[in-house]
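Asker: File follows, structure30.tsv with TSV, C-alpha atoms:
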chain	number	residue	atom	x	y	z
A	1	MET	CA	-31.39	27.43	-13.19
A	2	VAL	CA	-33.26	25.05	-10.91
A	3	LYS	CA	-32.88	22.42	-13.62
A	4	GLN	CA	-29.11	23.00	-13.75
A	5	GLU	CA	-28.84	22.68	-9.97
A	6	ARG	CA	-30.79	19.43	-10.07
A	7	ALA	CA	-28.49	18.11	-12.82
A	8	ALA	CA	-25.38	19.03	-10.80
A	9	ARG	CA	-26.86	17.29	-7.74
A	10	THR	CA	-27.60	14.14	-9.74
A	11	ARG	CA	-24.07	14.18	-11.10
A	12	GLU	CA	-22.65	14.38	-7.56
A	13	THR	CA	-24.97	11.59	-6.39
A	14	LEU	CA	-23.78	9.37	-9.27
A	15	ILE	CA	-20.12	10.02	-8.44
A	16	ARG	CA	-20.72	9.20	-4.79
A	17	SER	CA	-22.71	6.05	-5.64
A	18	ALA	CA	-20.00	4.88	-8.04
A	19	ALA	CA	-17.39	5.42	-5.31
A	20	GLU	CA	-19.49	3.39	-2.86
A	21	VAL	CA	-19.87	0.49	-5.29
A	22	PHE	CA	-16.13	0.56	-6.21
A	23	ASP	CA	-15.26	0.64	-2.50
A	24	ARG	CA	-17.50	-2.34	-1.71
A	25	GLU	CA	-17.22	-4.57	-4.79
A	26	GLY	CA	-14.04	-3.39	-6.51
A	27	TYR	CA	-13.82	-1.41	-9.74
A	28	ALA	CA	-13.97	-4.28	-12.23
A	29	ALA	CA	-17.01	-5.97	-10.66
A	30	ALA	CA	-18.98	-2.72	-10.41
A	31	SER	CA	-21.90	-2.43	-12.86
A	32	LEU	CA	-23.50	0.76	-14.13
A	33	THR	CA	-26.91	-0.73	-13.30
A	34	GLY	CA	-25.83	-1.25	-9.68
A	35	ILE	CA	-24.56	2.33	-9.53
A	36	SER	CA	-27.65	3.97	-11.02
A	37	SER	CA	-29.86	1.84	-8.78
A	38	LEU	CA	-27.93	2.93	-5.65
A	39	ALA	CA	-28.15	6.55	-6.83
A	40	GLY	CA	-31.91	6.17	-7.34
A	41	VAL	CA	-31.80	7.27	-10.97
A	42	SER	CA	-32.55	5.50	-14.25
A	43	ASN	CA	-29.86	4.01	-16.49
A	44	GLY	CA	-30.83	6.68	-19.03
A	45	ALA	CA	-30.15	9.46	-16.52
A	46	LEU	CA	-26.75	7.95	-15.76
A	47	HIS	CA	-25.89	7.87	-19.46
A	48	PHE	CA	-27.06	11.48	-19.85
A	49	HIS	CA	-24.30	12.49	-17.40
A	50	PHE	CA	-21.64	9.88	-18.19
A	51	ALA	CA	-21.17	8.23	-21.58
A	52	SER	CA	-19.40	5.17	-20.15
A	53	LYS	CA	-18.09	3.50	-17.04
A	54	ALA	CA	-14.66	4.95	-17.92
A	55	ALA	CA	-16.07	8.50	-17.99
A	56	LEU	CA	-17.82	8.00	-14.63
A	57	THR	CA	-14.63	6.53	-13.13
A	58	ASP	CA	-12.57	9.48	-14.39
A	59	ALA	CA	-15.07	11.79	-12.67
A	60	VAL	CA	-14.71	9.84	-9.38
A	61	GLU	CA	-10.92	10.20	-9.59
A	62	ARG	CA	-11.07	13.91	-10.34
A	63	ALA	CA	-13.49	14.49	-7.45
A	64	ALA	CA	-11.17	12.47	-5.17
A	65	LEU	CA	-8.17	14.55	-6.25
A	66	ARG	CA	-10.07	17.77	-5.45
A	67	ARG	CA	-10.75	16.44	-1.95
A	68	LEU	CA	-7.12	15.41	-1.50
A	69	THR	CA	-5.91	18.89	-2.45
A	70	GLU	CA	-8.41	20.40	0.02
A	71	VAL	CA	-6.95	18.17	2.78
A	72	ALA	CA	-3.34	19.03	1.91
A	73	GLU	CA	-3.49	22.69	0.99
A	74	VAL	CA	-3.88	24.26	4.42
A	75	PRO	CA	-1.91	27.17	5.90
A	76	VAL	CA	1.50	26.19	7.35
A	77	PRO	CA	1.24	26.24	11.17
A	78	SER	CA	3.66	28.36	13.22
A	79	ALA	CA	5.58	25.20	14.27
A	80	GLY	CA	6.67	24.87	10.63
A	81	ARG	CA	6.64	22.53	7.63
A	82	VAL	CA	7.25	19.28	9.48
A	83	GLN	CA	4.25	20.02	11.72
A	84	SER	CA	2.30	20.77	8.54
A	85	LEU	CA	3.25	17.33	7.18
A	86	ILE	CA	2.18	15.66	10.45
A	87	ASP	CA	-1.13	17.55	10.49
A	88	VAL	CA	-1.92	16.74	6.86
A	89	THR	CA	-1.23	13.00	7.30
A	90	HIS	CA	-3.66	13.05	10.24
A	91	GLY	CA	-6.15	14.97	8.09
A	92	LEU	CA	-5.72	12.50	5.24
A	93	ALA	CA	-6.27	9.48	7.49
A	94	ALA	CA	-9.42	11.08	8.93
A	95	ALA	CA	-10.67	11.92	5.43
A	96	LEU	CA	-10.00	8.35	4.22
A	97	ARG	CA	-12.02	7.02	7.17
A	98	GLY	CA	-15.02	9.17	6.37
A	99	ASP	CA	-14.94	9.99	2.67
A	100	VAL	CA	-15.82	7.15	0.29
A	101	VAL	CA	-14.96	9.23	-2.82
A	102	LEU	CA	-11.42	9.88	-1.59
A	103	ARG	CA	-11.04	6.20	-0.62
A	104	ALA	CA	-12.26	5.03	-4.04
A	105	GLY	CA	-9.93	7.50	-5.78
A	106	PHE	CA	-6.90	6.02	-3.99
A	107	GLY	CA	-8.16	2.49	-4.63
A	108	LEU	CA	-8.38	3.18	-8.38
A	109	CYS	CA	-4.61	3.95	-8.44
A	110	GLY	CA	-4.02	0.22	-7.98
A	111	GLU	CA	-6.16	-0.86	-10.96
A	112	ALA	CA	-3.84	-2.59	-13.43
A	113	SER	CA	-6.56	-2.55	-16.09
A	114	ARG	CA	-6.87	1.24	-16.53
A	115	MET	CA	-4.86	4.44	-16.82
A	116	PRO	CA	-5.81	6.85	-14.01
A	117	ALA	CA	-7.35	10.18	-15.03
A	118	ALA	CA	-5.95	11.71	-11.83
A	119	ASP	CA	-3.05	9.99	-10.10
A	120	LEU	CA	-3.75	10.53	-6.39
A	121	ARG	CA	-0.70	8.65	-5.17
A	122	GLY	CA	1.53	10.59	-7.55
A	123	TRP	CA	0.01	13.91	-6.43
A	124	TRP	CA	0.45	12.92	-2.78
A	125	GLN	CA	4.10	11.99	-3.37
A	126	GLY	CA	4.69	15.35	-5.05
A	127	TRP	CA	3.08	17.21	-2.14
A	128	VAL	CA	5.15	15.33	0.49
A	129	GLU	CA	8.29	15.97	-1.58
A	130	GLY	CA	7.61	19.70	-1.90
A	131	THR	CA	6.79	20.09	1.80
A	132	LEU	CA	9.93	18.25	2.93
A	133	LYS	CA	12.15	20.23	0.56
A	134	GLU	CA	10.76	23.42	2.10
A	135	ALA	CA	11.34	21.97	5.58
A	136	GLU	CA	14.94	21.19	4.62
A	137	ALA	CA	15.47	24.67	3.17
A	138	ALA	CA	14.07	26.17	6.40
A	139	GLY	CA	16.62	24.16	8.42
A	140	GLU	CA	13.93	22.04	10.09
A	141	LEU	CA	15.44	18.64	9.28
A	142	HIS	CA	18.02	16.77	11.35
A	143	PRO	CA	21.50	17.17	9.75
A	144	GLY	CA	21.62	13.38	9.20
A	145	ALA	CA	18.22	13.18	7.48
A	146	ALA	CA	18.13	13.85	3.74
A	147	ALA	CA	14.75	15.10	2.50
A	148	ARG	CA	14.73	12.39	-0.20
A	149	ASP	CA	15.02	9.55	2.34
A	150	VAL	CA	12.23	11.02	4.43
A	151	VAL	CA	10.00	11.37	1.35
A	152	SER	CA	10.30	7.62	0.58
A	153	ALA	CA	9.56	6.60	4.15
A	154	VAL	CA	6.57	8.94	4.57
A	155	VAL	CA	5.04	8.22	1.16
A	156	ALA	CA	5.46	4.44	1.55
A	157	ALA	CA	4.05	4.40	5.10
A	158	THR	CA	1.05	6.59	4.26
A	159	VAL	CA	0.23	4.54	1.15
A	160	GLY	CA	0.56	1.46	3.39
A	161	PHE	CA	-1.87	2.95	5.97
A	162	GLU	CA	-4.33	3.73	3.16
A	163	VAL	CA	-4.14	0.23	1.63
A	164	LEU	CA	-4.23	-1.64	4.96
A	165	GLY	CA	-7.03	0.68	6.11
A	166	THR	CA	-9.38	-0.68	3.46
A	167	ARG	CA	-9.52	-3.99	5.40
A	168	ASP	CA	-8.97	-2.69	8.96
A	169	VAL	CA	-9.82	0.93	9.75
A	170	GLU	CA	-7.52	0.89	12.83
A	171	TRP	CA	-4.65	1.55	10.39
A	172	LEU	CA	-6.21	4.97	9.74
A	173	SER	CA	-6.75	5.87	13.40
A	174	ALA	CA	-5.18	8.97	14.96
A	175	ALA	CA	-3.38	6.61	17.40
A	176	THR	CA	-1.63	4.74	14.54
A	177	LEU	CA	-0.51	8.00	12.92
A	178	THR	CA	0.66	9.45	16.26
A	179	ARG	CA	2.78	6.35	17.00
A	180	PHE	CA	4.31	6.54	13.53
A	181	TRP	CA	5.34	10.17	13.98
A	182	ARG	CA	6.55	9.59	17.56
A	183	LEU	CA	8.87	6.88	16.22
A	184	LEU	CA	10.08	8.77	13.15
A	185	LEU	CA	10.46	12.33	14.45
A	186	PRO	CA	13.68	11.83	16.50
A	187	SER	CA	15.44	10.73	13.26
A	188	LEU	CA	13.83	13.56	11.32
A	189	VAL	CA	14.32	16.83	13.19
A	190	SER	CA	16.77	18.37	15.68
A	191	SER	CA	16.02	17.76	19.37
A	192	ALA	CA	15.29	21.47	19.79
A	193	LEU	CA	12.50	21.33	17.19
A	194	LEU	CA	11.35	17.90	18.41
A	195	ALA	CA	10.20	19.42	21.70
A	196	GLU	CA	7.94	21.85	19.80
A	197	LEU	CA	6.23	19.34	17.53
A	198	ALA	CA	2.94	17.56	18.21
A	199	PRO	CA	3.01	14.01	16.73
A	200	GLU	CA	-0.73	13.76	17.46
A	201	GLY	CA	-1.32	16.67	15.08
A	202	GLY	CA	-1.70	20.36	15.80
A	203	ALA	CA	-4.73	22.60	15.46
A	204	ALA	CA	-5.10	21.80	11.75
A	205	ALA	CA	-5.81	18.08	12.37
A	206	SER	CA	-9.30	17.13	13.44
B	1	MET	CA	5.04	-41.61	-12.57
B	2	VAL	CA	6.10	-39.68	-15.66
B	3	LYS	CA	2.44	-38.80	-16.15
B	4	GLN	CA	2.21	-37.49	-12.57
B	5	GLU	CA	5.30	-35.37	-13.05
B	6	ARG	CA	3.87	-33.92	-16.24
B	7	ALA	CA	0.60	-33.13	-14.45
B	8	ALA	CA	2.48	-31.39	-11.62
B	9	ARG	CA	4.45	-29.35	-14.15
B	10	THR	CA	1.29	-28.30	-15.99
B	11	ARG	CA	-0.25	-27.27	-12.67
B	12	GLU	CA	2.79	-25.08	-11.88
B	13	THR	CA	2.71	-23.55	-15.37
B	14	LEU	CA	-0.98	-22.70	-14.98
B	15	ILE	CA	-0.35	-21.05	-11.58
B	16	ARG	CA	2.50	-19.00	-13.03
B	17	SER	CA	0.48	-18.01	-16.12
B	18	ALA	CA	-2.47	-16.98	-13.95
B	19	ALA	CA	-0.11	-14.84	-11.83
B	20	GLU	CA	1.27	-13.18	-14.98
B	21	VAL	CA	-2.20	-12.35	-16.29
B	22	PHE	CA	-3.37	-11.05	-12.86
B	23	ASP	CA	-0.19	-8.95	-12.62
B	24	ARG	CA	-0.69	-7.43	-16.08
B	25	GLU	CA	-4.47	-7.09	-16.42
B	26	GLY	CA	-5.74	-7.25	-12.85
B	27	TYR	CA	-7.64	-10.11	-11.25
B	28	ALA	CA	-11.17	-9.22	-12.35
B	29	ALA	CA	-10.29	-8.70	-16.02
B	30	ALA	CA	-8.29	-11.95	-16.27
B	31	SER	CA	-9.98	-14.69	-18.29
B	32	LEU	CA	-9.38	-18.45	-18.02
B	33	THR	CA	-8.99	-18.56	-21.80
B	34	GLY	CA	-6.20	-15.98	-21.65
B	35	ILE	CA	-4.49	-17.94	-18.88
B	36	SER	CA	-4.66	-21.35	-20.59
B	37	SER	CA	-3.50	-19.77	-23.85
B	38	LEU	CA	-0.47	-18.19	-22.11
B	39	ALA	CA	0.28	-21.54	-20.44
B	40	GLY	CA	0.05	-23.30	-23.81
B	41	VAL	CA	-2.60	-25.77	-22.66
B	42	SER	CA	-6.23	-26.33	-23.66
B	43	ASN	CA	-9.18	-24.99	-21.70
B	44	GLY	CA	-10.01	-28.61	-20.92
B	45	ALA	CA	-6.57	-29.20	-19.39
B	46	LEU	CA	-7.01	-26.09	-17.24
B	47	HIS	CA	-10.37	-27.34	-15.98
B	48	PHE	CA	-8.86	-30.77	-15.25
B	49	HIS	CA	-6.54	-29.05	-12.74
B	50	PHE	CA	-8.75	-26.19	-11.52
B	51	ALA	CA	-12.56	-26.35	-11.39
B	52	SER	CA	-12.96	-22.57	-11.49
B	53	LYS	CA	-11.19	-19.22	-11.57
B	54	ALA	CA	-11.64	-19.10	-7.80
B	55	ALA	CA	-9.84	-22.44	-7.36
B	56	LEU	CA	-6.97	-21.33	-9.60
B	57	THR	CA	-6.72	-18.01	-7.75
B	58	ASP	CA	-6.63	-19.81	-4.39
B	59	ALA	CA	-3.74	-21.91	-5.75
B	60	VAL	CA	-1.85	-18.74	-6.81
B	61	GLU	CA	-2.29	-17.30	-3.32
B	62	ARG	CA	-1.13	-20.49	-1.60
B	63	ALA	CA	1.94	-20.71	-3.87
B	64	ALA	CA	2.69	-17.04	-3.14
B	65	LEU	CA	2.42	-17.66	0.61
B	66	ARG	CA	4.87	-20.58	0.36
B	67	ARG	CA	7.36	-18.27	-1.37
B	68	LEU	CA	6.85	-15.55	1.22
B	69	THR	CA	7.55	-18.02	4.05
B	70	GLU	CA	10.70	-19.16	2.23
B	71	VAL	CA	11.87	-15.53	2.04
B	72	ALA	CA	11.15	-14.86	5.72
B	73	GLU	CA	12.11	-18.08	7.45
B	74	VAL	CA	15.88	-17.81	7.32
B	75	PRO	CA	18.36	-18.34	10.20
B	76	VAL	CA	18.78	-15.31	12.49
B	77	PRO	CA	22.17	-13.64	11.71
B	78	SER	CA	24.70	-13.11	14.52
B	79	ALA	CA	23.90	-9.36	14.54
B	80	GLY	CA	20.44	-10.28	15.88
B	81	ARG	CA	16.72	-9.97	15.23
B	82	VAL	CA	16.69	-6.40	13.94
B	83	GLN	CA	19.32	-7.34	11.34
B	84	SER	CA	17.15	-10.32	10.45
B	85	LEU	CA	14.20	-7.96	9.88
B	86	ILE	CA	16.37	-5.70	7.69
B	87	ASP	CA	17.66	-8.66	5.67
B	88	VAL	CA	14.21	-10.14	5.14
B	89	THR	CA	12.72	-6.82	3.94
B	90	HIS	CA	15.56	-6.65	1.40
B	91	GLY	CA	14.89	-10.27	0.44
B	92	LEU	CA	11.17	-9.57	0.10
B	93	ALA	CA	11.75	-6.53	-2.14
B	94	ALA	CA	14.12	-8.56	-4.35
B	95	ALA	CA	11.60	-11.42	-4.52
B	96	LEU	CA	8.78	-9.01	-5.43
B	97	ARG	CA	10.91	-7.59	-8.25
B	98	GLY	CA	11.58	-11.02	-9.75
B	99	ASP	CA	8.74	-13.32	-8.75
B	100	VAL	CA	5.40	-12.74	-10.46
B	101	VAL	CA	3.60	-15.34	-8.31
B	102	LEU	CA	4.60	-13.54	-5.09
B	103	ARG	CA	3.63	-10.19	-6.63
B	104	ALA	CA	0.23	-11.51	-7.73
B	105	GLY	CA	-0.35	-13.04	-4.28
B	106	PHE	CA	0.16	-9.65	-2.61
B	107	GLY	CA	-1.95	-7.95	-5.27
B	108	LEU	CA	-4.86	-10.30	-4.58
B	109	CYS	CA	-4.94	-9.10	-0.93
B	110	GLY	CA	-6.40	-5.84	-2.23
B	111	GLU	CA	-9.28	-7.44	-4.16
B	112	ALA	CA	-12.52	-6.20	-2.59
B	113	SER	CA	-14.53	-8.79	-4.53
B	114	ARG	CA	-13.05	-11.95	-2.95
B	115	MET	CA	-12.01	-13.50	0.34
B	116	PRO	CA	-8.30	-14.41	0.25
B	117	ALA	CA	-7.41	-18.11	0.59
B	118	ALA	CA	-4.05	-17.10	2.04
B	119	ASP	CA	-3.69	-13.61	3.51
B	120	LEU	CA	-0.11	-12.62	2.61
B	121	ARG	CA	-0.29	-9.18	4.18
B	122	GLY	CA	-1.68	-10.69	7.39
B	123	TRP	CA	1.03	-13.35	7.46
B	124	TRP	CA	3.70	-10.69	6.86
B	125	GLN	CA	2.34	-8.53	9.67
B	126	GLY	CA	2.44	-11.54	12.01
B	127	TRP	CA	6.03	-12.31	11.06
B	128	VAL	CA	7.19	-8.69	11.58
B	129	GLU	CA	5.35	-8.64	14.92
B	130	GLY	CA	6.95	-11.89	16.11
B	131	THR	CA	10.44	-10.82	15.04
B	132	LEU	CA	10.19	-7.43	16.76
B	133	LYS	CA	8.83	-8.95	19.97
B	134	GLU	CA	11.85	-11.25	20.03
B	135	ALA	CA	14.13	-8.26	19.33
B	136	GLU	CA	12.50	-6.40	22.24
B	137	ALA	CA	12.86	-9.42	24.56
B	138	ALA	CA	16.55	-9.68	23.55
B	139	GLY	CA	17.08	-6.03	24.54
B	140	GLU	CA	17.81	-4.95	20.96
B	141	LEU	CA	15.29	-2.10	20.81
B	142	HIS	CA	15.92	1.50	21.88
B	143	PRO	CA	14.34	2.11	25.32
B	144	GLY	CA	12.04	4.71	23.75
B	145	ALA	CA	10.83	2.43	20.93
B	146	ALA	CA	7.89	0.15	21.72
B	147	ALA	CA	7.78	-2.98	19.54
B	148	ARG	CA	4.15	-2.24	18.68
B	149	ASP	CA	4.96	1.19	17.22
B	150	VAL	CA	7.79	-0.24	15.16
B	151	VAL	CA	5.52	-3.01	13.83
B	152	SER	CA	3.03	-0.46	12.46
B	153	ALA	CA	5.73	1.62	10.79
B	154	VAL	CA	7.55	-1.35	9.24
B	155	VAL	CA	4.39	-3.15	8.07
B	156	ALA	CA	2.88	0.04	6.61
B	157	ALA	CA	6.11	1.06	4.83
B	158	THR	CA	6.76	-2.40	3.37
B	159	VAL	CA	3.15	-2.72	2.16
B	160	GLY	CA	3.60	0.77	0.67
B	161	PHE	CA	6.80	-0.29	-1.13
B	162	GLU	CA	5.01	-3.36	-2.50
B	163	VAL	CA	1.98	-1.39	-3.75
B	164	LEU	CA	4.00	1.51	-5.19
B	165	GLY	CA	6.43	-1.01	-6.72
B	166	THR	CA	3.71	-2.37	-9.00
B	167	ARG	CA	3.85	0.93	-10.97
B	168	ASP	CA	7.51	1.89	-10.41
B	169	VAL	CA	10.04	-0.84	-9.56
B	170	GLU	CA	12.43	1.74	-8.05
B	171	TRP	CA	10.30	1.49	-4.86
B	172	LEU	CA	11.54	-2.10	-4.53
B	173	SER	CA	15.22	-1.32	-5.11
B	174	ALA	CA	17.92	-2.13	-2.54
B	175	ALA	CA	18.70	1.62	-2.43
B	176	THR	CA	15.13	2.51	-1.35
B	177	LEU	CA	15.16	-0.15	1.39
B	178	THR	CA	18.62	0.92	2.59
B	179	ARG	CA	17.54	4.57	2.85
B	180	PHE	CA	14.44	3.54	4.80
B	181	TRP	CA	16.46	1.57	7.36
B	182	ARG	CA	19.16	4.25	7.60
B	183	LEU	CA	16.45	6.73	8.54
B	184	LEU	CA	14.55	4.49	10.94
B	185	LEU	CA	17.34	2.62	12.74
B	186	PRO	CA	18.53	5.51	14.99
B	187	SER	CA	15.00	5.64	16.49
B	188	LEU	CA	14.83	1.87	16.72
B	189	VAL	CA	17.97	0.54	18.40
B	190	SER	CA	20.60	1.74	20.89
B	191	SER	CA	23.60	3.58	19.41
B	192	ALA	CA	25.85	0.65	20.45
B	193	LEU	CA	23.82	-1.80	18.34
B	194	LEU	CA	23.35	0.77	15.55
B	195	ALA	CA	27.08	0.64	14.76
B	196	GLU	CA	26.85	-3.14	14.22
B	197	LEU	CA	23.85	-3.16	11.88
B	198	ALA	CA	23.95	-3.10	8.09
B	199	PRO	CA	20.97	-1.12	6.69
B	200	GLU	CA	21.88	-2.38	3.22
B	201	GLY	CA	21.27	-5.94	4.40
B	202	GLY	CA	23.71	-8.54	5.73
B	203	ALA	CA	24.78	-11.84	4.21
B	204	ALA	CA	21.20	-13.13	4.08
B	205	ALA	CA	20.08	-10.41	1.63
B	206	SER	CA	20.89	-10.85	-2.02
Could you show the structure in this file as structure tokens?

Answerer:
Amino acid sequence: MVKQERAARTRETLIRSAAEVFDREGYAAASLTGISSLAGVSNGALHFHFASKAALTDAVERAALRRLTEVAEVPVPSAGRVQSLIDVTHGLAAALRGDVVLRAGFGLCGEASRMPAADLRGWWQGWVEGTLKEAEAAGELHPGAAARDVVSAVVAATVGFEVLGTRDVEWLSAATLTRFWRLLLPSLVSSALLAELAPEGGAAAS
Amino acid sequence: MVKQERAARTRETLIRSAAEVFDREGYAAASLTGISSLAGVSNGALHFHFASKAALTDAVERAALRRLTEVAEVPVPSAGRVQSLIDVTHGLAAALRGDVVLRAGFGLCGEASRMPAADLRGWWQGWVEGTLKEAEAAGELHPGAAARDVVSAVVAATVGFEVLGTRDVEWLSAATLTRFWRLLLPSLVSSALLAELAPEGGAAAS
């Protein structure tokens, strides 16, 4: 049992170390030797857990997707689905600032040289789409705003924040997200709902 | 003279071939042998023009930046600066669809392993910033819309379109751009100006 716990811990350490090396040097330049050395384990131990760089990278992506779903799958606040979308974008930006595994998982989506094991950007797009369709069905959207148009704008802007944030973390600040929502919300919801929404994120954002 | 022309043509072919290989395989995986083979020249000819992969990559980035400035530096249409911004985003999306050198130049901005010779995303951000400050000074912006907030939203969304467009070209379609502007414009400009603007792009877009 203790042995199994130690193995699981080593596995987690290797995933985190791989994410750190991908984040710093890029996926292609990352070496397994550099990763095992950062994790403080032997090359043999790394290969016991992961047969190849591809297998380790798949594990990073899957771990990143688990974290993304944890960020997104929170209870809908009383202010509704649009507030939920605002809160989750704030939560995602905060998680990208602090969580190297999540950051590496998104970064791997842009790798031309490999097929992703878990498509974080695709999952994110699906989540935004589902949430906005529910908001539309609940009558939360402005009559002039089609859910589909809003999906494009929100997905593109949040992917932009994520990509630009890898060079300048200000793009992932709460202030940047708040300004984005302050600008977009009047086109998105009725003025009655607008007064109830918090572009800086509600209780769910932290 | 003929010899100089031939050398210039070979140089252009090598830059284009490098961009194609970066676009398809990613920067790190691209080999000089693959690039010279695609260009139909010997390894020796490649090294005559470019001392290293880094030098060739710098040349791709500089060529991409020249194309980006050509897309952006067009006369301001009579409808004003905001229309100019709309037109240029349409022009940029069209150029990204068709121009592999421009696409590779933007892609290289995301390479953690190297310092860019020409920062396309930074240049683009500067251009959007300058254009929106002029729009603000000309009284084109909605009183509630600060130029700074609009800059973040437009830069993030366009970088998002570019990144997402590498996997699915629909993100760079005229329809996607038009829907984005249709959604954003009511928050951006006064209702008087709104009636005059073409979210699908004016004469300058193609």

Asker: Determine, counting all atoms listed in the file, which protein, DNA and RNA residues have an atom within 9 Å of an atom of region 135-140 of chain B; residues of the same chain fewer than 2 positions away are not included. Present the result as JSON, numbers by chain.

Answerer: {"B": [80, 81, 82, 130, 131, 132, 133, 142, 143, 146, 147, 188, 189, 190, 193]}

Asker: From the options A:Gly160, A:Gly44, A:Gly165, A:Gly201, which residue's atoms come nearest to chain B, counting only C-alpha atoms?

Answerer: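 Of all the options, A:Gly160 lies closest to chain B.
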
Asker: Define the interface residues of chain B facing chain A as those within 10 Å, counting only C-alpha atoms, and report them as a PDB file with C-alpha atoms, in the coordinates of the input.

Answerer:
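Final file, out-v8.pdb:
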ATOM      1  CA  PHE B  22      -3.370 -11.050 -12.860  1.00  0.00           C
ATOM      2  CA  ASP B  23      -0.190  -8.950 -12.620  1.00  0.00           C
ATOM      3  CA  ARG B  24      -0.690  -7.430 -16.080  1.00  0.00           C
ATOM      4  CA  GLU B  25      -4.470  -7.090 -16.420  1.00  0.00           C
ATOM      5  CA  GLY B  26      -5.740  -7.250 -12.850  1.00  0.00           C
ATOM      6  CA  TYR B  27      -7.640 -10.110 -11.250  1.00  0.00           C
ATOM      7  CA  ALA B  28     -11.170  -9.220 -12.350  1.00  0.00           C
ATOM      8  CA  ALA B  29     -10.290  -8.700 -16.020  1.00  0.00           C
ATOM      9  CA  ALA B  30      -8.290 -11.950 -16.270  1.00  0.00           C
ATOM     10  CA  GLY B 107      -1.950  -7.950  -5.270  1.00  0.00           C
ATOM     11  CA  CYS B 109      -4.940  -9.100  -0.930  1.00  0.00           C
ATOM     12  CA  GLY B 110      -6.400  -5.840  -2.230  1.00  0.00           C
ATOM     13  CA  GLU B 111      -9.280  -7.440  -4.160  1.00  0.00           C
ATOM     14  CA  ALA B 112     -12.520  -6.200  -2.590  1.00  0.00           C
ATOM     15  CA  SER B 113     -14.530  -8.790  -4.530  1.00  0.00           C
ATOM     16  CA  ARG B 114     -13.050 -11.950  -2.950  1.00  0.00           C
ATOM     17  CA  ARG B 121      -0.290  -9.180   4.180  1.00  0.00           C
ATOM     18  CA  GLY B 122      -1.680 -10.690   7.390  1.00  0.00           C
ATOM     19  CA  GLY B 144      12.040   4.710  23.750  1.00  0.00           C
ATOM     20  CA  ALA B 145      10.830   2.430  20.930  1.00  0.00           C
ATOM     21  CA  ALA B 146       7.890   0.150  21.720  1.00  0.00           C
ATOM     22  CA  ARG B 148       4.150  -2.240  18.680  1.00  0.00           C
ATOM     23  CA  ASP B 149       4.960   1.190  17.220  1.00  0.00           C
ATOM     24  CA  VAL B 150       7.790  -0.240  15.160  1.00  0.00           C
ATOM     25  CA  VAL B 151       5.520  -3.010  13.830  1.00  0.00           C
ATOM     26  CA  SER B 152       3.030  -0.460  12.460  1.00  0.00           C
ATOM     27  CA  ALA B 153       5.730   1.620  10.790  1.00  0.00           C
ATOM     28  CA  VAL B 154       7.550  -1.350   9.240  1.00  0.00           C
ATOM     29  CA  VAL B 155       4.390  -3.150   8.070  1.00  0.00           C
ATOM     30  CA  ALA B 156       2.880   0.040   6.610  1.00  0.00           C
ATOM     31  CA  ALA B 157       6.110   1.060   4.830  1.00  0.00           C
ATOM     32  CA  THR B 158       6.760  -2.400   3.370  1.00  0.00           C
ATOM     33  CA  VAL B 159       3.150  -2.720   2.160  1.00  0.00           C
ATOM     34  CA  GLY B 160       3.600   0.770   0.670  1.00  0.00           C
ATOM     35  CA  PHE B 161       6.800  -0.290  -1.130  1.00  0.00           C
ATOM     36  CA  GLU B 162       5.010  -3.360  -2.500  1.00  0.00           C
ATOM     37  CA  VAL B 163       1.980  -1.390  -3.750  1.00  0.00           C
ATOM     38  CA  LEU B 164       4.000   1.510  -5.190  1.00  0.00           C
ATOM     39  CA  GLY B 165       6.430  -1.010  -6.720  1.00  0.00           C
ATOM     40  CA  THR B 166       3.710  -2.370  -9.000  1.00  0.00           C
ATOM     41  CA  ARG B 167       3.850   0.930 -10.970  1.00  0.00           C
ATOM     42  CA  TRP B 171      10.300   1.490  -4.860  1.00  0.00           C
ATOM     43  CA  ALA B 175      18.700   1.620  -2.430  1.00  0.00           C
ATOM     44  CA  THR B 176      15.130   2.510  -1.350  1.00  0.00           C
ATOM     45  CA  LEU B 177      15.160  -0.150   1.390  1.00  0.00           C
ATOM     46  CA  THR B 178      18.620   0.920   2.590  1.00  0.00           C
ATOM     47  CA  ARG B 179      17.540   4.570   2.850  1.00  0.00           C
ATOM     48  CA  PHE B 180      14.440   3.540   4.800  1.00  0.00           C
ATOM     49  CA  TRP B 181      16.460   1.570   7.360  1.00  0.00           C
ATOM     50  CA  ARG B 182      19.160   4.250   7.600  1.00  0.00           C
ATOM     51  CA  LEU B 183      16.450   6.730   8.540  1.00  0.00           C
ATOM     52  CA  LEU B 184      14.550   4.490  10.940  1.00  0.00           C
ATOM     53  CA  LEU B 185      17.340   2.620  12.740  1.00  0.00           C
ATOM     54  CA  PRO B 186      18.530   5.510  14.990  1.00  0.00           C
ATOM     55  CA  SER B 187      15.000   5.640  16.490  1.00  0.00           C
ATOM     56  CA  LEU B 188      14.830   1.870  16.720  1.00  0.00           C
TER      57      LEU B 188
END

Asker: Just how far from CA of Pro116 (chain B) is CA of Ser17 (chain A), in Å to one decimal?

Answerer: 25.7 Å

Asker: What is the distance, in Å and to one decimal place, between CA of Val71 (chain B) and CA of Thr57 (chain B)?

Answerer: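 Computing the Euclidean distance for CA of Val71 (chain B) and CA of Thr57 (chain B) yields 21.2 Å.
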
Asker: List as a list in words the residues having at least one atom at most 10 Å from position (-31.6, 14.6, -12.1) as given in the file, counting all atoms listed in the file.

Answerer: Lys3, Gln4, Glu5, Arg6, Ala7, Ala8, Arg9, Thr10, Arg11, Thr13, Leu14, Gly40, Val41, Ser42, Ala45, Leu46, Phe48 and His49 of chain A
